[in-house]
>>> print(open('upload_36.txt').read())   # compact mmCIF, C-alpha atoms
# COMPACT_ATOMS: atom_id res chain seq x y z
CA MET J 35 40.81 0.78 34.82
CA THR J 36 38.57 -0.51 32.04
CA LYS J 37 39.61 -0.81 28.40
CA HIS J 38 37.31 2.15 27.61
CA ASP J 39 38.97 4.29 30.29
CA GLU J 40 42.41 3.38 28.95
CA ARG J 41 41.44 4.35 25.39
CA ALA J 42 39.92 7.63 26.58
CA ARG J 43 43.14 8.40 28.45
CA ARG J 44 45.23 7.76 25.32
CA ASN J 45 42.85 9.73 23.07
CA PRO J 46 41.68 12.75 25.09
CA GLY J 47 38.73 14.64 23.70
CA THR J 48 37.13 11.57 22.14
CA THR J 49 34.15 9.61 23.29
CA SER J 50 32.76 6.24 22.38
CA THR J 51 29.11 7.20 21.96
CA GLY J 52 27.22 8.18 18.83
CA ALA J 53 28.99 9.58 15.80
CA ALA J 54 31.76 10.93 17.98
CA GLY J 55 32.67 7.35 18.89
CA ALA J 56 33.23 6.61 15.24
CA ALA J 57 35.68 9.46 15.14
CA MET J 58 37.99 7.87 17.68
CA ALA J 59 41.34 7.23 16.08
CA PHE J 60 42.39 3.62 15.78
CA ASP J 61 45.14 2.89 18.26
CA PRO J 62 47.05 -0.28 17.28
CA ALA J 63 48.55 -0.48 20.78
CA ALA J 64 45.04 -0.81 22.24
CA GLU J 65 44.32 -4.04 20.33
CA PRO J 66 47.31 -6.38 20.16
CA GLY J 67 47.37 -8.55 17.07
CA ILE J 68 45.20 -6.20 15.00
CA SER J 69 46.98 -4.35 12.23
CA GLU J 70 44.38 -2.13 10.58
CA PRO J 71 45.54 1.02 8.83
CA VAL J 72 45.25 4.30 10.71
CA ILE J 73 42.85 6.70 9.05
CA GLU J 74 42.99 10.34 10.10
CA HIS J 75 39.86 11.98 11.53
CA ASP J 76 40.17 14.99 9.20
CA GLU J 77 40.38 12.77 6.13
CA ILE J 78 37.16 10.97 7.11
CA ALA J 79 35.46 14.28 7.95
CA LEU J 80 36.26 15.83 4.56
CA LEU J 81 34.98 12.84 2.63
CA ALA J 82 31.86 12.54 4.82
CA TYR J 83 31.15 16.23 4.30
CA SER J 84 31.36 15.80 0.52
CA TYR J 85 28.87 12.91 0.73
CA TRP J 86 26.53 15.04 2.84
CA GLU J 87 26.72 17.89 0.32
CA ALA J 88 26.09 15.46 -2.55
CA ARG J 89 22.93 14.30 -0.76
CA GLY J 90 21.63 17.87 -0.66
CA CYS J 91 22.70 18.77 2.91
CA PRO J 92 19.79 16.96 4.62
CA HIS J 93 19.05 17.20 8.34
CA GLY J 94 19.78 14.20 10.56
CA SER J 95 21.77 10.98 10.13
CA PRO J 96 25.32 12.33 9.77
CA GLU J 97 26.48 8.87 10.81
CA GLU J 98 25.44 7.53 7.41
CA ASP J 99 27.96 9.73 5.62
CA TRP J 100 30.62 9.26 8.30
CA PHE J 101 30.48 5.45 8.25
CA ARG J 102 30.43 5.39 4.45
CA ALA J 103 33.52 7.62 4.28
CA GLU J 104 35.34 5.68 7.00
CA GLY J 105 34.59 2.35 5.32
CA GLU J 106 35.74 3.50 1.90
CA LEU J 107 38.96 5.01 3.23
CA ARG J 108 39.69 1.89 5.30
CA GLN J 109 39.07 -0.31 2.26
CA LYS J 110 41.42 1.80 0.09
CA ALA J 111 44.13 1.79 2.79
CA THR J 112 43.85 -1.98 3.25
CA ALA J 113 44.03 -2.59 -0.51
CA ALA J 114 47.19 -0.48 -0.69
CA VAL J 115 48.99 -2.68 1.86
>>> encode(input="upload_36.txt", output="structure tokens")
Amino acid sequence: MTKHDERARRNPGTTSTGAAGAAMAFDPAAEPGISEPVIEHDEIALLAYSYWEARGCPHGSPEEDWFRAEGELRQKATAAV
């Protein structure tokens, strides 16, 4: 079983392609020695949606808002530790 298969088994309903791959929850057990904060999918989605609305609800490139939201939330969570 590959590492990808193992992660998919632990996180059913997620994929590792496109924007959906970015949505995969961080699983600390999957990467020993890495202690990044866990950020909930819904929290990222709400912030990304607010960024999309602020940009005028354009078509295409939802990844831009998703990655911005994920990065900002990860940065805040890391600073709080």
>>> axis_aligned_box(input="upload_36.txt", around="stretch 75-92 of chain J", padding_each_side="6 Å", output="AutoDock Vina command-line options")
--center_x 30.1 --center_y 14.9 --center_z 4.5 --size_x 32.6 --size_y 19.8 --size_z 26.1
>>> atom_distance(input="upload_36.txt", atom1="atom CA of J:Ala103", atom2="atom CA of J:Cys91")
15.6 Å
>>> atom_distance(input="upload_36.txt", atom1="atom CA of J:Ala113", atom2="atom CA of J:Ala79")
20.7 Å
>>> residues_around(input="upload_36.txt", residues="J:Phe101", least_positions_apart="2", cutoff="9 Å", atoms="only C-alpha atoms", output="PyMOL selection string")
chain J and resi 53+56+78+82+96-99+103-106
>>> atom_distance(input="upload_36.txt", atom1="atom CA of J:Ser84", atom2="atom CA of J:Thr112")
21.9 Å
>>> residues_around(input="upload_36.txt", residues="J:Leu81", least_positions_apart="4", cutoff="9 Å", atoms="all atoms listed in the file", output="PDB file with C-alpha atoms, keeping the file's coordinate frame")
ATOM      1  CA  ASP J  76      40.170  14.990   9.200  1.00  0.00           C
ATOM      2  CA  GLU J  77      40.380  12.770   6.130  1.00  0.00           C
ATOM      3  CA  TYR J  85      28.870  12.910   0.730  1.00  0.00           C
ATOM      4  CA  TRP J  86      26.530  15.040   2.840  1.00  0.00           C
ATOM      5  CA  ASP J  99      27.960   9.730   5.620  1.00  0.00           C
ATOM      6  CA  TRP J 100      30.620   9.260   8.300  1.00  0.00           C
ATOM      7  CA  ARG J 102      30.430   5.390   4.450  1.00  0.00           C
ATOM      8  CA  ALA J 103      33.520   7.620   4.280  1.00  0.00           C
ATOM      9  CA  GLU J 104      35.340   5.680   7.000  1.00  0.00           C
ATOM     10  CA  LEU J 107      38.960   5.010   3.230  1.00  0.00           C
TER      11      LEU J 107
END
